[in-house]
Amino acid sequence: MDPEYRFSHKHLLGLADFSVTDIQAVLQTAESFKEISSRSIKKVPTLRGKTIINFFFEPSTRTRLSFEVAAKRMSADTFNISNSGSSTVKGETLIDTAKNLAAMNPDCIILRHPCSGAARLLAGHINASVLNAGDGTHEHPSQGLLDLMTVREAKGRIAGLKIAIIGDIAHSRVAHSNIIGFSKMGASVVVSGPATLIPPGVEELGAKVSKTVLKAVEGADVIMALRIQQERQQDPLFPSLREYANFFGVTQKVVAVASPEAIIMHPGPINRGVELDPKLADGSRSVILEQVANGVAVRMALLYLIMGGD
Ligand code: CP
């Protein structure tokens with residue numbers, strides 16, 4: 001990396017804002033922090049005295065907990081607030097709630113919200129750093145970064161790989177961050193799913209579209225299955241889950257056409273037997289739990305780089 005390079009982002013709103021060098025800086029920092037999680041005492045003083053608020057308007061297992069684990073491993077003080085536990089249920093706006101949180105002088109607010117653009121809106125109204133933990137169908141940048149780290153760890157590189165992303169591309173912020181991130185890092189990304197779940201203009205993000213899953217996965221180095229985001233769909237967009245599983249599920253038959261060394265990824269939560277065969281989820285090619293482990297390292301790196309830890 002260029003010795004003159006300095007990470008200069010105050011916020012993490014989307015990978016669209018990050019350069020290749022920014023992404024490399026996060027991955028390199030995460031790789032150096034990963035070892036902390038295997039120590040018997042998993043704590044360093046790097047972010048001592050920093051205050052971090054997790055503000056989650058949607059359910060989350062992995063992202064909320066791994067941001068909290070990451071912050072605590074770096075000795076930051078963390079606080080959690082959810083939609084149901086906040087005064088937004090009494091009619092307060094997101095901006096008013098956020099300004100009140102900001103009045104308590106946190107260094108960073110980590111936001112998950114059902115509306116695309118919510119993180120950017122918040123960043124325009126408060127002084128604290130804002131980290132986007134998933135905004136509507138827009139982006140989930142820390143997931144994109146942990147997926148990049150997991151592929152680099154498994155394959156030794158990202159450039160030149162073929163990444164097949166299968167499922168609900170239209171409603172998946174994970175898909176959007178991954179298409180942007182993998183394309184920037186020199187991989188070729190192919191997506192496939194029901195036509196109703198492929199958004200118009202996805203090619204402009206950097207992906208090719210394949211009408212069949214077999215064609216998308218042919219020769220792929222990485223197969224990423226995505227959950228159908230039924231909570232974001234107003235009307236039924238495919239006939240049934242059984243039909244979806246038959247045509248678009250990642251099964252042994254699908255994986256057979258990929259590279260013999262292909263790895264299987266899924267951001268979670270998995271709907272077993274719908275988008276992914278459970279035997280593949282638990283099999284030797286699966287790196288799904290490595291993704292979760294790397295999530296902690298990537299989030300430690302992001303907090304460190306964004307809050308300028310000593
Ligand atoms: N991958 C992911 O965002 O999972 P959670 O919804 O559990 O945070």
# chains A, B, ... in the order shown; residues from 1 in each chain; ligands from 1
$ residues_near_ligand --ligand "ligand 1" --cutoff "8 Å" --atoms "only C-alpha atoms and all ligand atoms" --output "list in words"
Pro59, Ser60, Thr61, Arg62, Thr63, Arg64, Leu65, Ala133, Gly134, His140, Gln143, Val174, Pro267, Gly268 and Pro269 of chain A
$ write_last_selection --atoms "C-alpha atoms" --output "mmCIF file, in the first residue's frame"
data_model
loop_
_atom_site.group_PDB
_atom_site.id
_atom_site.type_symbol
_atom_site.label_atom_id
_atom_site.label_comp_id
_atom_site.auth_asym_id
_atom_site.auth_seq_id
_atom_site.Cartn_x
_atom_site.Cartn_y
_atom_site.Cartn_z
ATOM 1 C CA PRO A 59 -33.964 -7.573 13.590
ATOM 2 C CA SER A 60 -30.326 -8.668 13.434
ATOM 3 C CA THR A 61 -28.269 -11.472 14.932
ATOM 4 C CA ARG A 62 -24.889 -11.286 13.211
ATOM 5 C CA THR A 63 -24.409 -7.593 12.428
ATOM 6 C CA ARG A 64 -25.583 -6.136 15.743
ATOM 7 C CA LEU A 65 -23.711 -8.634 17.862
ATOM 8 C CA ALA A 133 -25.447 -1.677 9.173
ATOM 9 C CA GLY A 134 -27.949 -2.182 6.324
ATOM 10 C CA HIS A 140 -24.823 -3.459 3.675
ATOM 11 C CA GLN A 143 -21.174 -7.402 5.054
ATOM 12 C CA VAL A 174 -25.915 -7.626 0.607
ATOM 13 C CA PRO A 267 -24.755 -13.902 4.607
ATOM 14 C CA GLY A 268 -27.412 -15.481 6.886
ATOM 15 C CA PRO A 269 -30.032 -15.976 8.062
#
$ residues_around --residues "stretch 150-167 of chain A" --least-positions-apart "4" --cutoff "8 Å" --atoms "only C-alpha atoms" --output "ChimeraX atom specification"
/A:146,175,182,185-194,197,213,216-217,219-228,248-250,275,287,290-291,294
$ closest_residue --among "A:Tyr5, A:Phe18, A:Phe67, A:Tyr304" --to "A:Ile53" --atoms "only C-alpha atoms"
A:Phe67
$ select_by_dssp --residues "stretch 53-185 of chain A" --states "strand (DSSP E)" --output "list in words"
Ile53, Asn54, Phe55, Phe56, Asp77, Thr78, Phe79, Asn80, Ile81, Ser82, Cys108, Ile109, Ile110, Leu111, Arg112, His113, Ser129, Val130, Leu131, Asn132, Ala133, Gly134, Asp135, Lys162, Ile163, Ala164, Ile165 and Ile166 of chain A
$ closest_residue --among "A:Glu231, A:Glu203, A:Glu218, A:Glu68" --to "A:Ser172" --atoms "only C-alpha atoms"
A:Glu231
$ select_by_dssp --residues "stretch 41-288 of chain A" --states "alpha helix (DSSP H)" --output "PDB file with C-alpha atoms, in the first residue's frame"
ATOM      1  CA  ARG A  62     -24.889 -11.286  13.211  1.00  0.00           C
ATOM      2  CA  THR A  63     -24.409  -7.593  12.428  1.00  0.00           C
ATOM      3  CA  ARG A  64     -25.583  -6.136  15.743  1.00  0.00           C
ATOM      4  CA  LEU A  65     -23.711  -8.634  17.862  1.00  0.00           C
ATOM      5  CA  SER A  66     -20.507  -8.564  15.847  1.00  0.00           C
ATOM      6  CA  PHE A  67     -20.380  -4.739  15.915  1.00  0.00           C
ATOM      7  CA  GLU A  68     -20.839  -4.951  19.674  1.00  0.00           C
ATOM      8  CA  VAL A  69     -18.243  -7.722  20.090  1.00  0.00           C
ATOM      9  CA  ALA A  70     -15.819  -5.756  17.882  1.00  0.00           C
ATOM     10  CA  ALA A  71     -16.302  -2.550  19.891  1.00  0.00           C
ATOM     11  CA  LYS A  72     -15.922  -4.332  23.250  1.00  0.00           C
ATOM     12  CA  ARG A  73     -12.789  -6.182  22.107  1.00  0.00           C
ATOM     13  CA  LEU A  94     -35.516   9.319  13.002  1.00  0.00           C
ATOM     14  CA  ILE A  95     -33.703  12.661  12.770  1.00  0.00           C
ATOM     15  CA  ASP A  96     -35.073  13.905  16.111  1.00  0.00           C
ATOM     16  CA  THR A  97     -34.164  10.649  17.835  1.00  0.00           C
ATOM     17  CA  ALA A  98     -30.696  10.723  16.282  1.00  0.00           C
ATOM     18  CA  LYS A  99     -30.125  14.362  17.295  1.00  0.00           C
ATOM     19  CA  ASN A 100     -31.032  13.423  20.866  1.00  0.00           C
ATOM     20  CA  LEU A 101     -28.601  10.512  20.782  1.00  0.00           C
ATOM     21  CA  ALA A 102     -25.970  12.840  19.294  1.00  0.00           C
ATOM     22  CA  ALA A 118     -31.430   6.367   6.123  1.00  0.00           C
ATOM     23  CA  ALA A 119     -27.724   6.183   7.054  1.00  0.00           C
ATOM     24  CA  ARG A 120     -26.793   8.981   4.631  1.00  0.00           C
ATOM     25  CA  LEU A 121     -29.691  11.103   5.930  1.00  0.00           C
ATOM     26  CA  LEU A 122     -28.476  10.642   9.503  1.00  0.00           C
ATOM     27  CA  ALA A 123     -24.867  11.473   8.576  1.00  0.00           C
ATOM     28  CA  PRO A 141     -21.192  -2.358   3.328  1.00  0.00           C
ATOM     29  CA  SER A 142     -19.668  -4.116   6.346  1.00  0.00           C
ATOM     30  CA  GLN A 143     -21.174  -7.402   5.054  1.00  0.00           C
ATOM     31  CA  GLY A 144     -19.621  -6.717   1.631  1.00  0.00           C
ATOM     32  CA  LEU A 145     -16.227  -6.159   3.272  1.00  0.00           C
ATOM     33  CA  LEU A 146     -16.389  -9.318   5.400  1.00  0.00           C
ATOM     34  CA  ASP A 147     -17.361 -11.292   2.298  1.00  0.00           C
ATOM     35  CA  LEU A 148     -14.348  -9.852   0.445  1.00  0.00           C
ATOM     36  CA  MET A 149     -12.107 -10.792   3.377  1.00  0.00           C
ATOM     37  CA  THR A 150     -13.508 -14.335   3.468  1.00  0.00           C
ATOM     38  CA  VAL A 151     -12.938 -14.869  -0.258  1.00  0.00           C
ATOM     39  CA  ARG A 152      -9.416 -13.421  -0.093  1.00  0.00           C
ATOM     40  CA  GLU A 153      -8.645 -15.725   2.841  1.00  0.00           C
ATOM     41  CA  ALA A 154     -10.055 -18.827   1.092  1.00  0.00           C
ATOM     42  CA  LYS A 155      -8.729 -18.138  -2.401  1.00  0.00           C
ATOM     43  CA  ARG A 173     -28.532  -4.869   0.171  1.00  0.00           C
ATOM     44  CA  VAL A 174     -25.915  -7.626   0.607  1.00  0.00           C
ATOM     45  CA  ALA A 175     -26.069  -8.323  -3.144  1.00  0.00           C
ATOM     46  CA  HIS A 176     -25.651  -4.640  -3.949  1.00  0.00           C
ATOM     47  CA  SER A 177     -22.611  -4.151  -1.691  1.00  0.00           C
ATOM     48  CA  ASN A 178     -21.069  -7.385  -2.961  1.00  0.00           C
ATOM     49  CA  ILE A 179     -21.579  -6.543  -6.642  1.00  0.00           C
ATOM     50  CA  ILE A 180     -19.927  -3.148  -6.053  1.00  0.00           C
ATOM     51  CA  GLY A 181     -17.119  -4.518  -3.844  1.00  0.00           C
ATOM     52  CA  PHE A 182     -16.173  -7.593  -5.883  1.00  0.00           C
ATOM     53  CA  SER A 183     -16.332  -5.651  -9.174  1.00  0.00           C
ATOM     54  CA  LYS A 184     -14.078  -2.895  -7.788  1.00  0.00           C
ATOM     55  CA  VAL A 202     -28.046  -4.144 -12.015  1.00  0.00           C
ATOM     56  CA  GLU A 203     -25.484  -4.277 -14.849  1.00  0.00           C
ATOM     57  CA  GLU A 204     -24.601  -0.653 -14.065  1.00  0.00           C
ATOM     58  CA  LEU A 205     -23.420  -1.774 -10.617  1.00  0.00           C
ATOM     59  CA  VAL A 213     -28.622 -20.657 -12.285  1.00  0.00           C
ATOM     60  CA  LEU A 214     -26.554 -23.353 -14.026  1.00  0.00           C
ATOM     61  CA  LYS A 215     -25.129 -20.824 -16.492  1.00  0.00           C
ATOM     62  CA  ALA A 216     -24.383 -18.346 -13.681  1.00  0.00           C
ATOM     63  CA  VAL A 217     -22.572 -20.961 -11.591  1.00  0.00           C
ATOM     64  CA  LEU A 241     -41.155 -21.511  -2.155  1.00  0.00           C
ATOM     65  CA  ARG A 242     -41.144 -25.083  -3.490  1.00  0.00           C
ATOM     66  CA  GLU A 243     -40.997 -23.850  -7.085  1.00  0.00           C
ATOM     67  CA  TYR A 244     -38.332 -21.304  -6.113  1.00  0.00           C
ATOM     68  CA  ALA A 245     -36.224 -24.074  -4.517  1.00  0.00           C
ATOM     69  CA  ASN A 246     -36.596 -26.239  -7.650  1.00  0.00           C
ATOM     70  CA  PHE A 247     -35.518 -23.552 -10.112  1.00  0.00           C
ATOM     71  CA  PHE A 248     -33.225 -21.273  -8.091  1.00  0.00           C
ATOM     72  CA  GLN A 252     -25.518 -30.387  -5.337  1.00  0.00           C
ATOM     73  CA  LYS A 253     -26.543 -30.442  -9.015  1.00  0.00           C
ATOM     74  CA  VAL A 254     -25.870 -26.696  -9.303  1.00  0.00           C
ATOM     75  CA  VAL A 255     -22.540 -26.860  -7.464  1.00  0.00           C
ATOM     76  CA  PRO A 278     -28.616 -27.857   4.076  1.00  0.00           C
ATOM     77  CA  LYS A 279     -25.903 -30.411   3.180  1.00  0.00           C
ATOM     78  CA  LEU A 280     -24.041 -27.674   1.308  1.00  0.00           C
ATOM     79  CA  ALA A 281     -24.533 -25.157   4.129  1.00  0.00           C
ATOM     80  CA  ILE A 288     -20.531 -19.448   6.130  1.00  0.00           C
TER      81      ILE A 288
END
$ residues_around --residues "A:Asp2" --least-positions-apart "2" --cutoff "12 Å" --atoms "only C-alpha atoms" --output "ChimeraX atom specification"
/A:4-7,21-22,24-25
$ residues_around --residues "A:Asn83" --least-positions-apart "3" --cutoff "8 Å" --atoms "only C-alpha atoms" --output "PyMOL selection string"
chain A and resi 55-58+86-89
$ closest_residue --among "A:Ile36, A:Ile198, A:Leu289, A:Ala30" --to "A:His266" --atoms "only C-alpha atoms"
A:Leu289
$ closest_atom_pairs --of "stretch 97-129 of chain A" --to "stretch 135-139 of chain A" --cutoff "10 Å" --atoms "only C-alpha atoms" --output "JSON lines"
{"residue": "A:Leu111", "atom": "CA", "partner": "A:Asp135", "partner_atom": "CA", "distance": 7.9}
{"residue": "A:Arg112", "atom": "CA", "partner": "A:Asp135", "partner_atom": "CA", "distance": 5.8}
{"residue": "A:His113", "atom": "CA", "partner": "A:Asp135", "partner_atom": "CA", "distance": 4.9}
{"residue": "A:Pro114", "atom": "CA", "partner": "A:Gly136", "partner_atom": "CA", "distance": 4.2}
{"residue": "A:Cys115", "atom": "CA", "partner": "A:Gly136", "partner_atom": "CA", "distance": 4.4}
{"residue": "A:Ser116", "atom": "CA", "partner": "A:Gly136", "partner_atom": "CA", "distance": 4.2}
{"residue": "A:Gly117", "atom": "CA", "partner": "A:Asp135", "partner_atom": "CA", "distance": 6.3}
{"residue": "A:Ala118", "atom": "CA", "partner": "A:Asp135", "partner_atom": "CA", "distance": 6.2}
{"residue": "A:Ala119", "atom": "CA", "partner": "A:Asp135", "partner_atom": "CA", "distance": 6.7}
{"residue": "A:Arg120", "atom": "CA", "partner": "A:Asp135", "partner_atom": "CA", "distance": 9.3}
$ atom_distance --atom1 "atom CA of A:Leu302" --atom2 "atom CA of A:Thr29"
8.5 Å
